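*Asks:* Take a look at upload11.txt, compact mmCIF, C-alpha atoms:
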# COMPACT_ATOMS: atom_id res chain seq x y z
CA MET G 12 124.28 80.63 116.21
CA TYR G 13 125.19 77.81 113.89
CA GLU G 14 124.96 78.65 110.21
CA PHE G 15 121.70 78.26 108.35
CA ALA G 16 120.14 79.20 105.04
CA TYR G 17 117.29 81.71 105.02
CA GLU G 18 114.43 82.38 102.68
CA ARG G 19 111.33 84.52 102.73
CA PRO G 20 108.86 83.03 100.23
CA VAL G 21 106.01 85.19 98.98
CA ASP G 22 103.49 82.41 98.45
CA LEU G 23 102.31 79.63 100.69
CA GLY G 24 103.05 76.85 98.22
CA ALA G 25 106.70 77.87 98.00
CA ALA G 26 106.95 78.03 101.81
CA LEU G 27 105.58 74.51 102.18
CA LYS G 28 107.82 73.19 99.40
CA ALA G 29 110.92 74.65 101.09
CA ALA G 30 110.30 72.71 104.31
CA ASP G 31 112.33 69.60 105.07
CA ALA G 32 113.34 67.57 108.12
CA ASP G 33 116.04 70.07 109.22
CA SER G 34 114.23 73.31 108.44
CA ALA G 35 112.08 75.47 110.69
CA PHE G 36 109.31 77.91 109.90
CA LEU G 37 110.19 81.34 111.32
CA ALA G 38 107.15 83.23 112.63
CA GLY G 39 107.86 86.01 115.16
CA GLY G 40 111.04 84.27 116.27
CA MET G 41 110.61 85.17 119.94
CA THR G 42 111.41 81.60 120.99
CA LEU G 43 113.19 80.19 117.94
CA LEU G 44 115.84 82.90 117.59
CA PRO G 45 116.88 82.99 121.28
CA THR G 46 117.04 79.17 121.18
CA LEU G 47 119.27 79.25 118.10
CA LYS G 48 121.40 82.02 119.64
CA MET G 49 122.15 79.83 122.64
CA ARG G 50 122.88 76.89 120.33
CA LEU G 51 120.15 74.88 122.01
CA ALA G 52 118.93 74.03 118.52
CA ARG G 53 120.40 73.76 115.06
CA ARG G 54 118.45 74.21 111.80
CA SER G 55 119.71 73.97 108.25
CA ARG G 56 117.17 76.46 106.90
CA LEU G 57 114.77 79.07 108.23
CA ILE G 58 111.64 79.73 106.19
CA ASP G 59 110.41 83.20 107.12
CA LEU G 60 106.59 83.38 106.96
CA SER G 61 106.34 87.17 107.22
CA ALA G 62 105.72 87.81 103.51
CA LEU G 63 102.62 85.58 103.32
CA PRO G 64 99.60 87.92 103.55
CA GLU G 65 97.14 85.01 103.84
CA LEU G 66 98.56 84.23 107.31
CA ARG G 67 97.81 87.68 108.70
CA GLY G 68 94.87 89.53 110.18
CA VAL G 69 91.57 89.05 111.97
CA THR G 70 88.25 88.15 110.33
CA ALA G 71 85.12 88.01 112.43
CA THR G 72 81.48 87.00 112.07
CA SER G 73 78.87 87.12 114.82
CA THR G 74 79.85 83.59 115.88
CA THR G 75 83.57 83.20 115.09
CA VAL G 76 86.80 85.15 115.28
CA ASP G 77 89.47 83.86 112.89
CA ILE G 78 93.03 85.00 113.53
CA GLY G 79 95.80 84.46 110.98
CA ALA G 80 98.77 82.50 112.31
CA MET G 81 101.22 85.37 111.69
CA THR G 82 99.09 87.94 113.51
CA SER G 83 101.23 89.49 116.24
CA HIS G 84 100.20 89.67 119.88
CA VAL G 85 99.87 93.47 119.68
CA GLU G 86 97.62 93.15 116.63
CA VAL G 87 95.33 90.77 118.56
CA GLN G 88 95.45 93.09 121.58
CA ASP G 89 94.51 96.11 119.41
CA SER G 90 91.99 94.38 117.14
CA PRO G 91 88.55 96.04 117.44
CA GLU G 92 86.90 92.72 116.49
CA VAL G 93 88.72 90.77 119.19
CA GLN G 94 88.07 93.50 121.75
CA ARG G 95 84.35 93.49 120.92
CA LEU G 96 83.72 89.75 120.54
CA LEU G 97 86.37 88.13 122.77
CA PRO G 98 87.67 90.81 125.17
CA GLY G 99 89.21 88.11 127.37
CA LEU G 100 91.42 87.05 124.44
CA ALA G 101 92.50 90.65 123.75
CA ARG G 102 93.44 90.96 127.40
CA LEU G 103 95.38 87.69 127.33
CA ALA G 104 97.36 88.92 124.31
CA ALA G 105 98.08 92.22 126.09
CA GLY G 106 99.71 90.29 128.93
CA ILE G 107 102.14 88.17 126.92
CA GLY G 108 105.83 88.88 127.56
CA ASP G 109 106.57 92.59 127.20
CA PRO G 110 105.65 95.18 124.54
CA LEU G 111 108.74 94.33 122.48
CA VAL G 112 107.85 90.64 122.43
CA ARG G 113 104.22 91.47 121.61
CA ASN G 114 105.37 93.51 118.60
CA ARG G 115 107.08 90.46 117.04
CA GLY G 116 105.59 87.32 118.59
CA THR G 117 102.69 85.62 116.80
CA ILE G 118 99.71 83.52 117.81
CA GLY G 119 100.60 80.74 115.38
CA GLY G 120 104.18 80.59 116.59
CA SER G 121 103.10 80.45 120.22
CA ILE G 122 100.62 77.65 119.62
CA ALA G 123 102.96 75.60 117.42
CA ASN G 124 105.68 75.90 120.08
CA ASN G 125 103.32 74.74 122.87
CA ASP G 126 105.48 76.00 125.71
CA PRO G 127 104.00 74.58 128.93
CA ALA G 128 103.87 78.12 130.40
CA ALA G 129 102.62 80.01 127.33
CA ASP G 130 99.31 81.90 127.45
CA TYR G 131 97.73 81.19 124.05
CA PRO G 132 97.37 77.40 124.54
CA ALA G 133 95.01 78.18 127.44
CA ALA G 134 92.91 80.30 125.08
CA VAL G 135 92.80 77.59 122.40
CA LEU G 136 91.76 74.92 124.87
CA GLY G 137 89.61 77.15 127.07
CA LEU G 138 87.64 78.68 124.22
CA GLY G 139 87.45 75.43 122.24
CA ALA G 140 89.21 76.89 119.19
CA THR G 141 90.00 75.03 115.98
CA ILE G 142 93.52 75.06 114.52
CA VAL G 143 93.39 75.42 110.75
CA THR G 144 96.43 74.16 108.82
CA ASN G 145 97.31 73.84 105.15
CA LEU G 146 95.97 70.26 105.37
CA ARG G 147 93.07 70.09 107.82
CA ARG G 148 91.15 71.50 110.78
CA ILE G 149 92.34 70.24 114.17
CA PRO G 150 90.08 70.64 117.24
CA GLY G 151 91.87 72.42 120.09
CA ASP G 152 91.17 69.41 122.33
CA ASP G 153 93.33 67.23 120.04
CA PHE G 154 96.08 69.70 119.20
CA PHE G 155 98.37 69.77 122.23
CA THR G 156 100.00 66.36 122.66
CA GLY G 157 102.74 66.94 125.26
CA MET G 158 105.42 69.34 126.42
CA PHE G 159 106.48 71.35 123.32
CA ALA G 160 104.62 68.76 121.20
CA THR G 161 101.57 69.16 118.97
CA ALA G 162 99.48 67.19 116.48
CA LEU G 163 101.18 69.00 113.59
CA ALA G 164 102.83 66.65 111.09
CA PRO G 165 106.32 67.49 109.79
CA GLY G 166 106.01 70.32 107.27
CA GLU G 167 102.39 71.04 108.25
CA LEU G 168 101.73 74.75 108.80
CA ILE G 169 99.12 76.53 110.91
CA THR G 170 97.36 79.10 108.74
CA ARG G 171 94.80 80.43 111.22
CA ILE G 172 93.07 79.81 114.52
CA SER G 173 89.28 79.88 114.57
CA PHE G 174 87.73 80.87 117.91
CA PRO G 175 84.01 80.49 118.57
CA VAL G 176 82.58 83.64 120.14
CA ALA G 177 82.01 82.94 123.83
CA ARG G 178 79.19 84.43 125.86
CA ARG G 179 81.82 85.35 128.41
CA ALA G 180 85.46 84.46 128.85
CA GLY G 181 88.38 85.59 130.95
CA TYR G 182 92.00 84.76 131.64
CA LEU G 183 94.27 85.57 134.54
CA LYS G 184 97.76 84.39 135.34
CA PHE G 185 100.16 84.45 138.23
CA ARG G 186 103.20 85.70 136.36
CA ASN G 187 106.79 84.80 136.85
CA PRO G 188 108.01 88.31 137.67
CA ALA G 189 111.13 87.98 135.50
CA SER G 190 109.88 86.18 132.39
CA ARG G 191 106.15 87.09 132.55
CA TYR G 192 105.41 83.47 131.66
CA ALA G 193 102.52 81.93 133.58
CA VAL G 194 103.47 80.12 136.79
CA VAL G 195 99.77 79.28 136.59
CA GLY G 196 97.24 80.74 134.16
CA VAL G 197 93.55 79.90 133.91
CA MET G 198 91.06 80.57 131.12
CA VAL G 199 87.37 80.20 131.96
CA ALA G 200 84.84 80.48 129.14
CA GLN G 201 81.15 80.03 128.61
CA THR G 202 81.26 78.78 125.02
CA PRO G 203 78.54 77.52 122.65
CA ALA G 204 79.74 74.01 123.63
CA GLY G 205 79.43 74.70 127.35
CA ILE G 206 81.66 75.89 130.18
CA ARG G 207 85.36 75.24 129.65
CA VAL G 208 88.25 75.72 132.09
CA ALA G 209 91.85 75.42 130.84
CA VAL G 210 95.05 75.68 132.85
CA THR G 211 98.51 76.58 131.59
CA GLY G 212 101.84 76.79 133.45
CA ALA G 213 100.86 74.26 136.08
CA GLY G 214 101.61 71.03 134.22
CA PRO G 215 103.74 69.65 131.38
CA GLN G 216 101.14 71.06 129.00
CA VAL G 217 97.83 72.89 129.05
CA PHE G 218 94.90 70.85 130.42
CA ARG G 219 91.19 71.13 131.21
CA LEU G 220 89.49 70.77 134.60
CA PRO G 221 86.26 68.76 134.12
CA ALA G 222 85.26 68.98 137.80
CA PHE G 223 85.52 72.76 137.71
CA GLU G 224 83.56 72.89 134.44
CA GLN G 225 80.73 70.78 135.90
CA ALA G 226 80.54 72.91 139.04
CA LEU G 227 80.39 76.12 136.99
CA THR G 228 77.74 74.62 134.70
CA ARG G 229 75.52 74.18 137.77
CA ARG G 230 76.23 77.69 138.99
CA PHE G 231 78.53 80.27 137.37
CA ALA G 232 79.94 81.88 140.52
CA PRO G 233 83.25 81.74 142.41
CA GLU G 234 81.47 80.03 145.32
CA ALA G 235 80.71 77.07 143.06
CA LEU G 236 84.43 76.27 143.04
CA GLN G 237 84.82 76.49 146.81
CA GLY G 238 86.36 73.28 148.15
CA LEU G 239 87.37 71.97 144.72
CA THR G 240 91.05 71.08 144.61
CA VAL G 241 93.52 69.91 142.01
CA PRO G 242 95.86 67.00 142.78
CA SER G 243 99.49 68.08 142.69
CA ASP G 244 100.61 64.76 141.17
CA GLY G 245 102.38 65.41 137.87
CA LEU G 246 102.32 69.21 138.16
CA ASN G 247 105.46 71.24 137.49
CA ASP G 248 107.81 71.46 140.44
CA ASP G 249 110.72 73.85 139.98
CA MET G 250 112.57 76.85 141.41
CA HIS G 251 109.57 79.06 140.64
CA GLY G 252 107.07 77.03 142.67
CA SER G 253 106.40 73.56 144.03
CA ALA G 254 103.72 71.28 142.60
CA ALA G 255 101.60 71.80 145.73
CA TYR G 256 101.93 75.58 145.37
CA ARG G 257 100.84 75.41 141.75
CA ALA G 258 97.90 73.15 142.65
CA SER G 259 96.79 75.71 145.20
CA LEU G 260 97.18 78.56 142.71
CA VAL G 261 94.96 76.82 140.16
CA GLY G 262 91.99 76.98 142.54
CA VAL G 263 92.71 80.55 143.61
CA ILE G 264 93.11 81.88 140.09
CA ALA G 265 90.11 79.97 138.72
CA ARG G 266 87.91 81.58 141.38
CA ARG G 267 89.32 85.03 140.56
CA VAL G 268 88.63 84.57 136.84
CA VAL G 269 85.05 83.49 137.51
CA ASP G 270 84.61 86.46 139.82
CA MET G 271 85.94 88.75 137.09
CA VAL G 272 83.78 87.45 134.24
CA ALA G 273 80.60 86.68 136.24
CA ALA G 274 80.17 90.35 137.15
CA MET Z 5 130.38 81.43 104.55
CA MET Z 6 127.21 82.47 102.74
CA GLN Z 7 126.71 86.23 102.53
CA VAL Z 8 123.54 87.98 101.47
CA THR Z 9 122.93 91.64 100.76
CA VAL Z 10 120.59 93.41 103.16
CA SER Z 11 119.03 96.65 101.92
CA CYS Z 12 116.93 98.82 104.19
CA VAL Z 13 116.42 102.41 105.28
CA VAL Z 14 118.18 103.33 108.52
CA ASN Z 15 117.54 106.74 110.05
CA GLY Z 16 116.19 108.01 106.75
CA VAL Z 17 119.15 106.83 104.67
CA ALA Z 18 119.00 103.91 102.22
CA VAL Z 19 121.76 101.46 103.16
CA SER Z 20 122.93 98.17 101.73
CA ALA Z 21 125.50 95.82 103.27
CA GLU Z 22 126.57 92.20 103.34
CA ALA Z 23 125.57 89.90 106.16
CA GLU Z 24 125.30 86.21 106.88
CA PRO Z 25 121.74 84.89 107.31
CA ARG Z 26 122.54 84.30 111.00
CA THR Z 27 123.70 87.90 111.60
CA LEU Z 28 121.48 89.56 114.18
CA LEU Z 29 120.05 92.97 113.35
CA VAL Z 30 121.88 94.50 116.32
CA ASP Z 31 125.23 93.22 115.05
CA PHE Z 32 124.43 94.47 111.55
CA LEU Z 33 123.68 97.94 112.91
CA ARG Z 34 126.76 98.05 115.13
CA ASN Z 35 129.37 96.26 113.02
CA GLN Z 36 128.37 96.88 109.41
CA LEU Z 37 126.78 100.31 109.81
CA ARG Z 38 128.87 101.44 112.82
CA LEU Z 39 125.78 102.64 114.65
CA THR Z 40 127.00 101.74 118.13
CA GLY Z 41 124.35 103.69 120.04
CA THR Z 42 122.28 100.49 120.04
CA HIS Z 43 123.80 98.31 122.75
CA VAL Z 44 124.07 94.59 123.47
CA GLY Z 45 123.35 93.73 127.08
CA CYS Z 46 122.24 90.23 127.89
CA ASP Z 47 122.54 88.08 124.75
CA THR Z 48 119.51 86.17 126.04
CA SER Z 49 116.79 88.48 124.64
CA GLN Z 50 115.68 89.75 128.03
CA CYS Z 51 117.22 93.15 128.79
CA GLY Z 52 115.94 95.50 126.07
CA VAL Z 53 119.07 97.65 125.66
CA CYS Z 54 119.08 96.82 121.92
CA VAL Z 55 115.60 98.19 121.14
CA VAL Z 56 115.19 99.97 117.80
CA HIS Z 57 112.12 100.81 115.73
CA VAL Z 58 111.42 98.59 112.72
CA ASN Z 59 108.52 99.81 110.58
CA ALA Z 60 107.35 101.97 113.52
CA ARG Z 61 107.39 99.10 116.02
CA ALA Z 62 109.82 98.87 118.94
CA VAL Z 63 111.67 95.56 118.74
CA LYS Z 64 114.66 93.87 120.34
CA SER Z 65 117.26 93.98 117.56
CA CYS Z 66 119.04 91.03 119.18
CA SER Z 67 115.96 88.88 118.52
CA MET Z 68 115.64 89.60 114.85
CA LEU Z 69 117.90 88.66 111.95
CA ALA Z 70 119.37 91.36 109.74
CA VAL Z 71 117.88 89.56 106.72
CA GLN Z 72 114.43 89.95 108.27
CA ALA Z 73 114.94 93.71 108.03
CA GLU Z 74 115.24 93.57 104.22
CA GLY Z 75 113.15 96.47 102.91
CA ALA Z 76 112.35 97.76 106.39
CA ASP Z 77 112.40 101.31 107.72
CA ILE Z 78 114.57 101.38 110.84
CA THR Z 79 115.14 104.11 113.40
CA THR Z 80 117.93 103.84 115.96
CA ILE Z 81 118.77 106.15 118.84
CA GLU Z 82 121.10 108.08 116.52
CA GLY Z 83 118.22 108.98 114.21
CA LEU Z 84 115.50 109.50 116.81
CA ALA Z 85 115.75 113.29 117.17
CA ALA Z 86 115.23 113.76 113.43
CA THR Z 87 111.84 112.00 113.69
CA SER Z 88 110.47 114.65 116.03
CA ALA Z 89 109.09 118.03 115.09
CA ALA Z 90 109.88 119.20 118.63
CA VAL Z 91 113.66 118.99 118.67
CA GLY Z 92 115.07 121.11 121.46
CA SER Z 93 118.05 123.43 121.48
CA ARG Z 94 120.50 120.58 122.08
CA GLY Z 95 119.20 118.66 119.09
CA LEU Z 96 117.51 116.11 121.33
CA HIS Z 97 114.17 114.35 120.93
CA PRO Z 98 111.81 115.39 123.76
CA MET Z 99 112.25 111.91 125.28
CA GLN Z 100 116.04 112.27 125.30
CA ALA Z 101 115.76 115.76 126.77
CA ALA Z 102 113.42 114.52 129.51
CA PHE Z 103 115.78 111.67 130.49
CA ARG Z 104 118.52 114.28 130.82
CA ALA Z 105 116.37 116.73 132.78
CA GLU Z 106 114.95 114.10 135.18
CA HIS Z 107 118.23 112.22 135.73
CA GLY Z 108 116.67 109.18 134.08
CA LEU Z 109 120.07 107.57 133.67
CA GLN Z 110 123.16 106.82 135.65
CA CYS Z 111 125.61 104.62 133.73
CA GLY Z 112 123.56 105.13 130.55
CA PHE Z 113 123.95 101.62 129.20
CA CYS Z 114 120.22 100.82 129.10
CA THR Z 115 119.23 104.33 128.02
CA PRO Z 116 119.06 103.96 124.22
CA GLY Z 117 116.74 100.96 124.49
CA MET Z 118 114.75 102.56 127.30
CA ILE Z 119 114.19 105.69 125.18
CA MET Z 120 113.22 103.79 122.03
CA THR Z 121 110.66 101.73 123.97
CA ALA Z 122 109.35 104.84 125.74
CA VAL Z 123 108.84 106.71 122.45
CA GLU Z 124 106.62 103.92 121.13
CA LEU Z 125 104.81 103.72 124.47
CA VAL Z 126 103.90 107.42 124.27
CA ARG Z 127 102.96 107.15 120.61
CA ARG Z 128 100.49 104.37 121.48
CA ARG Z 129 99.28 106.09 124.62
CA PRO Z 130 99.93 109.84 124.56
CA ASP Z 131 98.73 110.43 128.13
CA PRO Z 132 99.90 107.37 130.11
CA SER Z 133 99.46 106.87 133.84
CA GLU Z 134 102.49 106.09 135.98
CA ALA Z 135 101.36 102.45 136.16
CA GLU Z 136 101.07 102.27 132.39
CA VAL Z 137 104.59 103.65 132.00
CA ARG Z 138 105.95 101.06 134.43
CA ALA Z 139 104.10 98.26 132.63
CA GLY Z 140 105.21 99.59 129.26
CA LEU Z 141 108.86 99.44 130.30
CA GLU Z 142 108.69 95.83 131.50
CA GLY Z 143 110.92 94.69 128.65
CA ASN Z 144 113.73 97.10 129.55
CA LEU Z 145 116.03 96.45 132.47
CA CYS Z 146 118.00 99.17 134.26
CA ARG Z 147 120.42 98.11 136.98
CA CYS Z 148 121.22 101.63 138.30
CA THR Z 149 118.27 103.92 138.72
CA GLY Z 150 115.52 101.86 140.34
CA TYR Z 151 113.36 103.16 137.47
CA HIS Z 152 111.86 106.05 139.44
CA ASN Z 153 113.49 108.84 137.45
CA ILE Z 154 113.02 106.96 134.20
CA VAL Z 155 109.27 106.91 134.84
CA LYS Z 156 109.33 110.61 135.71
CA ALA Z 157 111.21 111.31 132.47
CA VAL Z 158 108.70 109.40 130.34
CA LEU Z 159 105.75 111.20 131.96
CA LYS Z 160 107.44 114.57 131.41
CA ALA Z 161 108.26 113.77 127.79
CA ALA Z 162 104.69 112.58 127.19
CA ALA Z 163 103.34 115.91 128.44
CA GLN Z 164 105.76 117.83 126.22
CA MET Z 165 104.98 115.69 123.19
CA ARG Z 166 101.23 116.23 123.74
CA ALA Z 167 101.78 119.98 123.94
CA ALA Z 168 103.92 119.96 120.82
CA GLN Z 169 101.31 117.97 118.93
CA THR Z 170 98.57 120.40 119.92
CA ALA Z 171 100.73 123.30 118.78
CA ALA Z 172 101.79 121.76 115.46
CA PRO Z 173 100.27 118.44 114.43
CA THR Z 174 102.61 116.48 112.20
CA PRO Z 175 102.28 113.11 110.50
CA ALA Z 176 105.28 111.90 112.53
CA ALA Z 177 103.38 112.49 115.74
CA THR Z 178 100.33 110.41 114.86
CA ASP Z 179 99.92 106.83 115.94
CA SER Z 180 100.94 104.58 113.08
CA ALA Z 181 100.85 101.53 115.34
CA HIS Z 182 97.38 100.55 114.15
CA VAL Z 183 98.30 100.29 110.49
Show me this structure written as structure tokens.

*Replies:*
Amino acid sequence: MYEFAYERPVDLGAALKAADADSAFLAGGMTLLPTLKMRLARRSRLIDLSALPELRGVTATSTTVDIGAMTSHVEVQDSPEVQRLLPGLARLAAGIGDPLVRNRGTIGGSIANNDPAADYPAAVLGLGATIVTNLRRIPGDDFFTGMFATALAPGELITRISFPVARRAGYLKFRNPASRYAVVGVMVAQTPAGIRVAVTGAGPQVFRLPAFEQALTRRFAPEALQGLTVPSDGLNDDMHGSAAYRASLVGVIARRVVDMVAA
Amino acid sequence: MMQVTVSCVVNGVAVSAEAEPRTLLVDFLRNQLRLTGTHVGCDTSQCGVCVVHVNARAVKSCSMLAVQAEGADITTIEGLAATSAAVGSRGLHPMQAAFRAEHGLQCGFCTPGMIMTAVELVRRRPDPSEAEVRAGLEGNLCRCTGYHNIVKAVLKAAAQMRAAQTAAPTPAATDSAHV
């Protein structure tokens, strides 16, 4: 690692003030620290967010589940509120990485990083969540702007993610057996705003499938998706799978998710 | 080079030592504290040989900075046996004893991390199925055993730890993972 300065502020204002063009916020560090270790990135200062209690924990009402940005994957997985109101989200969290990653990694860090194969972006887009920052509320549909890119301005910090409670929602992924990242992952949800289908892993960033959503709005059953295909143009094509293979997986996994949650 | 003082509790003992902000927790444990039972395997955060417990959570100490452990309560493989009420005649934690009894190691390089992950696994799920043990060890790579005897060892240790808890419940044996 290159040298950097480190601080762990105890209030949000100090954390925001410490940020500059060369600094990085340190959440769980499950991507940032390995990246720094390999000298793929260089930062002058790390601002550790772990001492900010307002970024932690789950608050639920009958219609929303709000999750603090620094809530770890295992805390989401174990949360009684998430298990009761959004069991598909608890299950998604339980499938991220491995137990050691889930003990450190955070929902805010995952979403801010916007890895094209990460799981949480599919939940944000699929459930129609809102990203709450120190400055504003950003609809999930507007948040992810490209590979590893988001609508966050420099120095802007995610404080929590607000999920509407869905009538039913589920997520499955075809995992890379080594990394456990999604080769393709699909979230299907029946939300207050209608049926939403979001795909991660397949493309440069998470995306929705309007044709699938319309078909499931007419009839919420795996058969409704029969014959629907996804063009392979622009999908990821790498050593883990060709674009055509990923396109095929999207249909297969979407039908499996619908089968799982329709029951 | 900027140095900061890191103070934490390691294996029940309050320690304080100098480190750079970029010093990884695993290097702090091995180089500053000379606790070399925690190994470094891959350097890419994938293999799990460096797992220790930080505030009762199993973590990869190669993916955490020493400065992030300021004020933390850390247990390494060296201090594991002392956390158990059911220490056997050889001074081993039941998980260590089960790895020995079931031949859950060959070269032994992955074993400290494997054991630290397995102890948390059993604390979270005292009566795991074989599939749950295999899933729970996904973050720990072993290149010798094919995992079969490791899984047997974890199941055996889980049974012994359940029996010990029934015989003499202790605060150390309860699940603090939900705090």

*Asks:* Up to 8 Å from chain Z, what residues of chain G turn up? Count all atoms listed in the file and give them as a PyMOL selection string.

*Replies:* chain G and resi 12-17+40-41+44-45+48-49+59+86+89+108-112+114-115

*Asks:* Quick one, how far is atom CA of G:Gly252 from atom CA of G:Gly196?

*Replies:*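 These two atoms are separated by 13.5 Å.
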
*Asks:* Could you please determine the separation between atom CA of G:Arg67 and atom CA of G:Pro98 in Å, to one decimal place?

*Replies:* 19.6 Å

*Asks:* Between Z:Val14, Z:Leu159, Z:Ala171, Z:Ala102, single out the one closest to Z:Asp77, counting all atoms listed in the file.

*Replies:* Z:Val14

*Asks:* For a quick check of understanding, using all atoms listed in the file, which of Z:Ala89, Z:Ala76, Z:Cys146, Z:Leu37 has the smallest distance to Z:Gly108?

*Replies:*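 For Z:Gly108, the nearest of the given residues is Z:Cys146.
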
*Asks:* Using Å and a single decimal, report how far atom CA of G:Pro64 sits from atom CA of G:Thr141.

*Replies:* 20.3 Å

*Asks:* Could you pull out every residue with an atom within 7 Å of (109.4, 111.8, 128.0), file coordinates, counting all atoms listed in the file, and send them as a list in words?

*Replies:* Pro98, Met99, Ala102, Phe103, Ala157, Val158, Leu159, Lys160, Ala161 and Ala162 of chain Z

*Asks:* So, with all atoms listed in the file as the atoms that count, which of Z:Gln36, Z:Gln169, Z:Thr149, Z:Thr42 lies closest to Z:Ala70?

*Replies:*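 Counting all atoms listed in the file, the residue closest to Z:Ala70 is Z:Gln36.
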
*Asks:* Ranking G:Thr46, G:Phe154, G:Val269, G:Pro127 by minimum distance to G:Leu183 and counting all atoms listed in the file, which one comes first?

*Replies:*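 Looking at the shortest contact to G:Leu183, the residue is G:Val269.
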
*Asks:* Please write as an mmCIF file with C-alpha atoms, in the coordinates of the input the list of polymer residues whose atoms come within 6 Å of (118.2, 96.9, 109.5), counting all atoms listed in the file and keeping to the coordinates of the file.

*Replies:*
data_model
loop_
_atom_site.group_PDB
_atom_site.id
_atom_site.type_symbol
_atom_site.label_atom_id
_atom_site.label_comp_id
_atom_site.auth_asym_id
_atom_site.auth_seq_id
_atom_site.Cartn_x
_atom_site.Cartn_y
_atom_site.Cartn_z
ATOM 1 C CA CYS Z 12 116.930 98.820 104.190
ATOM 2 C CA LEU Z 29 120.050 92.970 113.350
ATOM 3 C CA ALA Z 70 119.370 91.360 109.740
ATOM 4 C CA ALA Z 73 114.940 93.710 108.030
ATOM 5 C CA ILE Z 78 114.570 101.380 110.840
#

*Asks:* Rank Z:Pro130, Z:Cys51, Z:Cys114, Z:Glu106 by their smallest atom-to-atom distance to Z:Lys156, using all atoms listed in the file, and report the top residue only.

*Replies:* Z:Glu106

*Asks:* Have a look at G:Arg19, G:Ala30, G:Leu47, G:Gln237 and name the one nearest to G:Gly166; count all atoms listed in the file.

*Replies:*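 When distances to G:Gly166 are compared using all atoms listed in the file, the smallest one comes from G:Ala30.
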
*Asks:* Please put the answer as AutoDock Vina command-line options: centre and edge lengths, in Å with one decimal, of a box along x, y and z that encloses all listed atoms of stretch 147-159 of chain Z plus 5 Å on each side.

*Replies:*
--center_x 113.5 --center_y 104.7 --center_z 135.3 --size_x 25.5 --size_y 23.2 --size_z 20.0

*Asks:* Give me, as a PDB file with C-alpha atoms, in the frame of the given file, all polymer residues having an atom no more than 9 Å from Z:Ala86, counting only C-alpha atoms and skipping those fewer than 3 positions away in the same chain.

*Replies:*
ATOM      1  CA  ASN Z  15     117.540 106.740 110.050  1.00  0.00           C
ATOM      2  CA  GLY Z  16     116.190 108.010 106.750  1.00  0.00           C
ATOM      3  CA  GLU Z  82     121.100 108.080 116.520  1.00  0.00           C
ATOM      4  CA  GLY Z  83     118.220 108.980 114.210  1.00  0.00           C
ATOM      5  CA  ALA Z  89     109.090 118.030 115.090  1.00  0.00           C
ATOM      6  CA  VAL Z  91     113.660 118.990 118.670  1.00  0.00           C
ATOM      7  CA  GLY Z  95     119.200 118.660 119.090  1.00  0.00           C
ATOM      8  CA  LEU Z  96     117.510 116.110 121.330  1.00  0.00           C
ATOM      9  CA  HIS Z  97     114.170 114.350 120.930  1.00  0.00           C
TER      10      HIS Z  97
END

*Asks:* What's around G:Asn247 at 6 Å? Count all atoms listed in the file, leave out sequence neighbours fewer than 4 positions away in its own chain, and write the answer as a ChimeraX atom specification.

*Replies:* /G:213-214,254
